[in-house]
$ cat protein11.cif   # mmCIF, C-alpha atoms
data_my_file
#
loop_
_atom_site.label_atom_id
_atom_site.label_comp_id
_atom_site.auth_asym_id
_atom_site.auth_seq_id
_atom_site.Cartn_x
_atom_site.Cartn_y
_atom_site.Cartn_z
CA MET A 904 0.00 0.00 0.00
CA MET A 905 2.92 2.34 0.66
CA ARG A 906 4.56 1.85 -2.72
CA ARG A 907 2.32 4.20 -4.75
CA PRO A 908 2.65 7.27 -2.41
CA LEU A 909 6.39 6.67 -2.20
CA LEU A 910 6.66 6.47 -5.98
CA CYS A 911 4.72 9.73 -6.37
CA LEU A 912 7.00 11.40 -3.82
CA LEU A 913 10.11 10.28 -5.69
CA LEU A 914 8.71 11.48 -9.03
CA CYS A 915 7.86 14.89 -7.58
CA ALA A 916 11.36 15.19 -6.10
CA ALA A 917 12.94 14.27 -9.42
CA THR A 918 10.82 16.89 -11.18
CA LEU A 919 11.88 19.60 -8.75
CA LEU A 920 15.53 18.63 -9.00
CA GLY A 921 15.37 18.71 -12.79
CA ALA A 922 13.50 22.02 -12.99
CA GLU A 923 15.34 25.11 -14.13
CA PHE A 924 15.69 27.78 -11.47
CA TRP A 925 13.42 30.21 -13.37
CA ASP A 926 10.59 27.68 -12.99
CA ALA A 927 11.51 26.47 -9.51
CA LYS A 928 11.95 29.87 -7.82
CA GLU A 929 10.36 33.30 -7.87
CA PRO A 930 12.42 36.00 -9.68
CA SER A 931 12.95 37.83 -6.36
CA GLU A 932 14.71 34.71 -5.06
CA TRP A 933 17.21 34.43 -7.92
CA THR A 934 20.85 34.87 -6.98
CA GLY A 935 23.23 37.19 -8.79
CA ALA A 936 24.80 34.21 -10.55
CA GLU A 937 21.37 32.97 -11.68
CA VAL A 938 20.47 36.40 -13.04
CA GLU A 939 23.73 36.49 -14.98
CA THR A 940 23.05 33.01 -16.38
CA ARG A 941 19.61 34.08 -17.53
CA LEU A 942 21.00 37.19 -19.25
CA LYS A 943 24.18 35.75 -20.77
CA ASP A 944 24.05 31.96 -21.11
CA SER A 945 20.60 30.44 -21.57
CA PRO A 946 18.17 29.44 -24.32
CA TRP A 947 17.34 33.15 -24.58
CA ALA A 948 20.86 34.57 -24.47
CA ILE A 949 24.36 33.83 -25.66
CA THR A 950 27.65 35.65 -25.18
CA LYS A 951 29.80 35.64 -28.29
CA THR A 952 33.42 36.50 -28.96
CA ILE A 953 34.46 37.37 -32.49
CA ALA A 954 37.49 38.86 -34.19
CA GLN A 955 37.55 42.64 -34.17
CA GLY A 956 38.63 42.61 -37.81
CA ALA A 957 35.44 40.74 -38.73
CA ILE A 958 33.48 43.87 -37.84
CA LEU A 959 35.88 46.65 -38.74
CA GLY A 960 37.34 45.03 -41.83
CA PRO A 961 41.08 44.70 -42.49
CA LYS A 962 41.44 48.30 -43.69
CA ARG A 963 39.91 49.79 -40.55
CA VAL A 964 41.84 47.98 -37.83
CA ALA A 965 44.69 50.11 -36.49
CA PRO A 966 47.03 48.33 -34.01
CA ARG A 967 47.13 51.34 -31.68
CA ARG A 968 43.35 51.64 -31.58
CA ARG A 969 42.36 48.05 -30.90
CA VAL A 970 39.80 47.50 -28.18
CA ARG A 971 40.96 45.26 -25.37
CA ILE A 972 38.05 43.03 -24.38
CA GLY A 973 38.76 39.88 -22.38
CA SER A 974 42.14 38.25 -22.84
CA SER A 975 42.79 39.25 -26.44
CA PRO A 976 43.21 42.75 -27.89
CA ASN A 977 41.89 41.48 -31.23
CA THR A 978 38.50 40.18 -30.09
CA ILE A 979 35.16 41.67 -29.09
CA THR A 980 32.77 40.05 -26.63
CA PHE A 981 29.06 40.89 -26.57
CA THR A 982 25.74 39.29 -25.69
CA VAL A 983 22.66 38.68 -27.82
CA ARG A 984 19.49 38.13 -25.79
CA TRP A 985 15.76 37.71 -26.44
CA LEU A 986 14.79 40.45 -24.02
CA SER A 987 11.00 40.30 -24.45
CA ALA A 988 10.75 36.76 -23.02
CA GLN A 989 9.24 36.90 -19.54
CA PRO A 990 12.14 35.12 -17.75
CA VAL A 991 14.61 37.54 -19.33
CA ARG A 992 12.48 40.57 -18.49
CA ASP A 993 12.34 39.37 -14.88
CA ALA A 994 16.11 38.86 -14.81
CA PHE A 995 16.76 42.25 -16.39
CA ARG A 996 14.59 44.01 -13.80
CA HIS A 997 16.33 42.07 -11.03
CA TYR A 998 19.73 43.05 -12.46
CA MET A 999 18.75 46.74 -12.55
CA THR A 1000 17.64 46.52 -8.92
CA MET A 1001 20.91 44.88 -7.85
CA GLN A 1002 22.86 47.58 -9.68
CA GLY A 1003 20.98 50.26 -7.76
CA ARG A 1004 19.91 52.12 -10.89
CA GLY A 1005 18.08 55.42 -10.39
CA ARG A 1006 14.42 56.17 -11.00
CA GLN A 1007 15.04 57.72 -14.41
CA GLN A 1008 16.85 54.64 -15.69
CA SER A 1009 14.19 52.40 -14.17
CA ARG A 1010 11.47 54.35 -15.98
CA GLN A 1011 13.39 54.06 -19.25
CA VAL A 1012 13.71 50.30 -18.79
CA GLU A 1013 10.01 49.92 -18.00
CA THR A 1014 9.11 51.99 -21.06
CA MET A 1015 11.26 49.73 -23.21
CA LEU A 1016 9.93 46.50 -21.68
CA GLY A 1017 6.40 47.83 -22.06
CA HIS A 1018 6.69 47.13 -25.79
CA ALA A 1019 7.16 43.39 -25.13
CA ASP A 1020 3.41 42.75 -25.44
CA THR A 1021 3.40 43.91 -29.06
CA HIS A 1022 7.02 43.33 -30.14
CA TYR A 1023 9.85 40.85 -29.83
CA LEU A 1024 12.78 42.70 -28.29
CA ILE A 1025 16.25 41.46 -29.25
CA MET A 1026 19.07 43.16 -27.38
CA VAL A 1027 22.71 43.16 -28.45
CA ALA A 1028 24.52 44.25 -25.29
CA ASP A 1029 28.05 45.10 -24.15
CA MET A 1030 29.28 46.21 -27.57
CA PRO A 1031 32.26 48.59 -27.12
CA THR A 1032 31.19 52.12 -28.00
CA LYS A 1033 34.45 52.61 -29.88
CA ILE A 1034 33.35 49.88 -32.29
CA LEU A 1035 30.00 51.58 -32.76
CA THR A 1036 31.79 54.84 -33.51
CA GLN A 1037 34.33 53.30 -35.88
CA THR A 1038 31.62 51.50 -37.84
CA ASP A 1039 29.43 54.63 -38.02
CA ALA A 1040 26.62 52.60 -36.50
CA THR A 1041 23.33 54.52 -36.49
CA GLU A 1042 19.78 53.43 -35.79
CA PRO A 1043 18.69 53.70 -39.47
CA LYS A 1044 21.71 51.65 -40.63
CA LEU A 1045 21.17 48.97 -38.00
CA LYS A 1046 17.47 48.78 -38.81
CA GLN A 1047 18.21 48.31 -42.51
CA GLY A 1048 20.49 45.35 -41.87
CA SER A 1049 18.36 43.54 -39.26
CA LEU A 1050 16.07 40.56 -39.71
CA LEU A 1051 14.16 37.94 -37.74
CA LYS A 1052 13.58 34.77 -39.74
CA VAL A 1053 11.83 31.41 -39.50
CA LYS A 1054 12.60 29.33 -42.56
CA GLY A 1055 9.54 28.62 -44.67
CA LYS A 1056 7.38 31.07 -42.68
CA PHE A 1057 8.63 34.63 -42.70
CA GLU A 1058 11.50 37.12 -42.85
CA LEU A 1059 10.61 39.97 -40.53
CA PRO A 1060 12.45 43.32 -40.71
CA ALA A 1061 12.84 45.37 -37.55
CA ALA A 1062 10.19 48.02 -36.97
CA ARG A 1063 12.78 50.18 -35.23
CA VAL A 1064 16.14 50.10 -33.45
CA GLU A 1065 17.14 51.88 -30.27
CA MET A 1066 20.74 52.53 -29.25
CA ARG A 1067 21.98 53.16 -25.70
CA ARG A 1068 25.51 54.08 -24.67
CA GLY A 1069 27.27 54.44 -21.36
CA GLY A 1070 30.37 53.34 -19.48
CA GLY A 1071 32.33 52.61 -22.65
CA GLN A 1072 29.76 50.11 -23.90
CA GLY A 1073 26.64 50.28 -26.00
CA SER A 1074 23.44 48.28 -26.41
CA MET A 1075 21.15 47.98 -29.39
CA ILE A 1076 17.51 46.97 -29.00
CA PHE A 1077 15.74 45.66 -32.10
CA TYR A 1078 11.92 45.79 -32.15
CA PHE A 1079 10.15 43.18 -34.29
CA PRO A 1080 6.31 43.05 -34.46
CA ARG A 1081 4.95 39.96 -32.72
CA ARG A 1082 3.40 37.14 -34.74
CA ASP A 1083 1.15 34.24 -33.81
CA ASP A 1084 2.74 31.57 -36.01
CA ILE A 1085 5.91 30.75 -34.07
CA SER A 1086 5.72 27.44 -32.21
CA ILE A 1087 8.00 24.92 -30.51
CA LYS A 1088 7.77 22.85 -33.68
CA ASP A 1089 9.90 25.43 -35.49
CA LYS A 1090 13.48 24.20 -35.59
CA LYS A 1091 15.02 27.62 -35.10
CA ILE A 1092 14.51 31.37 -35.22
CA GLU A 1093 17.34 33.33 -36.80
CA PHE A 1094 18.31 36.86 -35.81
CA HIS A 1095 20.51 38.78 -38.25
CA MET A 1096 22.07 42.20 -37.80
CA LYS A 1097 24.71 43.98 -39.84
CA ILE A 1098 27.37 46.14 -38.28
CA GLY A 1099 30.46 47.36 -40.07
CA SER A 1100 31.69 44.79 -42.54
CA THR A 1101 29.95 41.73 -41.12
CA THR A 1102 26.54 40.20 -40.46
CA ILE A 1103 26.10 38.83 -36.94
CA LYS A 1104 23.76 35.84 -36.69
CA ARG A 1105 22.21 34.19 -33.66
CA GLU A 1106 19.97 31.13 -33.70
CA PHE A 1107 17.30 30.57 -31.05
CA LYS A 1108 15.61 27.19 -30.58
CA PRO A 1109 11.93 27.50 -29.62
CA ALA A 1110 11.86 23.99 -28.14
CA GLU A 1111 14.34 25.17 -25.50
CA MET A 1112 12.70 28.54 -24.81
CA ILE A 1113 10.15 27.16 -22.38
CA ALA A 1114 9.14 28.74 -19.08
CA ASP A 1115 6.13 27.77 -16.96
CA SER A 1116 5.44 25.01 -19.51
CA LYS A 1117 4.93 27.41 -22.41
CA LEU A 1118 6.93 29.07 -25.16
CA ALA A 1119 8.41 32.32 -23.84
CA LEU A 1120 9.25 34.87 -26.51
#
$ encode --input "protein11.cif" --output "structure tokens"
Amino acid sequence: MMRRPLLCLLLCAATLLGAEFWDAKEPSEWTGAEVETRLKDSPWAITKTIAQGAILGPKRVAPRRRVRIGSSPNTITFTVRWLSAQPVRDAFRHYMTMQGRGRQQSRQVETMLGHADTHYLIMVADMPTKILTQTDATEPKLKQGSLLKVKGKFELPAARVEMRRGGGQGSMIFYFPRRDDISIKDKKIEFHMKIGSTTIKREFKPAEMIADSKLAL
């Protein structure tokens, strides 16, 4: 008679142990390390390192003006994240709170995140501002070279692009109108943006972008 309750208890324990922290805990309970994982290394975010020359082009790289990011003076590290997904929005708000950002910045963030109900927000963060300056990056240019794509379904241009700079780094937020035809059956969603002499691509896998048992975009 005791076997069935014991089996249920073991299954529940296994489920809890296997659950991701964003499903197992409230956002207010996330640690700093968990917030960083959500924003930089998760199904919704990836941190990439590429050659500086890939962006600037061989004719634009001057040895005395190279940007030192990480361990190599010839590389650039930045993060691409699907900011409009609820778990990422929660992590971003938590991060802003931990950083002690002022009311004005908090209002700006809430204004930006307020578009998540009508748009997918893709953020490219931690790009050195010197790179943005050297590539003459502007919102119209970035908008022209950006795309959200699901093969066989659509190629969606950005409705607008917003740039933010501060502390030697810049972020770019790409706004794509939401659609109702993306599902976990789609193999991947591709994000493309062009900066300088290269196109940066990031693939997201809907089957992995699950929170609270539903697709979170």
$ residues_around --input "protein11.cif" --residues "A:Val1064" --least-positions-apart "5" --cutoff "7 Å" --atoms "only C-alpha atoms" --output "list in words"
Glu1042, Leu1045, Lys1046, Met1075, Ile1076, Phe1077 and Tyr1078 of chain A
$ resolve_selection --input "protein11.cif" --expression "the PyMOL selection byres ((chain A and resi 999) around 12)" --output "JSON, numbers by chain"
{"A": [935, 938, 939, 942, 992, 993, 994, 995, 996, 997, 998, 1000, 1001, 1002, 1003, 1004, 1005, 1006, 1007, 1008, 1009, 1010, 1011, 1012, 1013]}
$ resolve_selection --input "protein11.cif" --expression "the PyMOL selection byres ((chain A and resi 951) around 9)" --output "ChimeraX atom specification"
/A:949-950,952-953,979-983
$ atom_distance --input "protein11.cif" --atom1 "atom CA of A:Ala1028" --atom2 "atom CA of A:Glu929"
25.0 Å
$ resolve_selection --input "protein11.cif" --expression "the PyMOL selection byres ((chain A and resi 1084) around 12)" --output "PyMOL selection string"
chain A and resi 1052-1053+1055-1057+1081-1083+1085-1089+1092+1109+1118+1120
$ atom_distance --input "protein11.cif" --atom1 "atom CA of A:Gln1072" --atom2 "atom CA of A:Leu1051"
24.1 Å
$ closest_residue --input "protein11.cif" --among "A:Leu1059, A:Ala954, A:Ile1098, A:Leu986" --to "A:His1018" --atoms "all atoms listed in the file"
A:Leu986
$ closest_residue --input "protein11.cif" --among "A:Arg941, A:Thr978, A:Thr1041, A:Val991" --to "A:Ala1019" --atoms "all atoms listed in the file"
A:Val991
$ atom_distance --input "protein11.cif" --atom1 "atom CA of A:Gln989" --atom2 "atom CA of A:Gly1069"
25.2 Å
$ closest_residue --input "protein11.cif" --among "A:Asp1020, A:Asp1029, A:Glu1093, A:Glu932" --to "A:Leu1050" --atoms "all atoms listed in the file"
A:Glu1093
$ residues_around --input "protein11.cif" --residues "A:Trp985" --least-positions-apart "3" --cutoff "7 Å" --atoms "all atoms listed in the file" --output "NGL selection string"
:A and (947-948 or 988 or 1024-1026)
$ closest_residue --input "protein11.cif" --among "A:Thr934, A:Thr1101, A:Thr1032, A:Gln1047" --to "A:Arg1068" --atoms "all atoms listed in the file"
A:Thr1032
$ residues_around --input "protein11.cif" --residues "A:Met1096" --least-positions-apart "3" --cutoff "7 Å" --atoms "only C-alpha atoms" --output "PDB file with C-alpha atoms, in the frame of the given file"
ATOM      1  CA  LEU A1045      21.170  48.970 -38.000  1.00  0.00           C
ATOM      2  CA  GLY A1048      20.490  45.350 -41.870  1.00  0.00           C
ATOM      3  CA  SER A1049      18.360  43.540 -39.260  1.00  0.00           C
ATOM      4  CA  LEU A1050      16.070  40.560 -39.710  1.00  0.00           C
ATOM      5  CA  THR A1102      26.540  40.200 -40.460  1.00  0.00           C
ATOM      6  CA  ILE A1103      26.100  38.830 -36.940  1.00  0.00           C
ATOM      7  CA  LYS A1104      23.760  35.840 -36.690  1.00  0.00           C
TER       8      LYS A1104
END
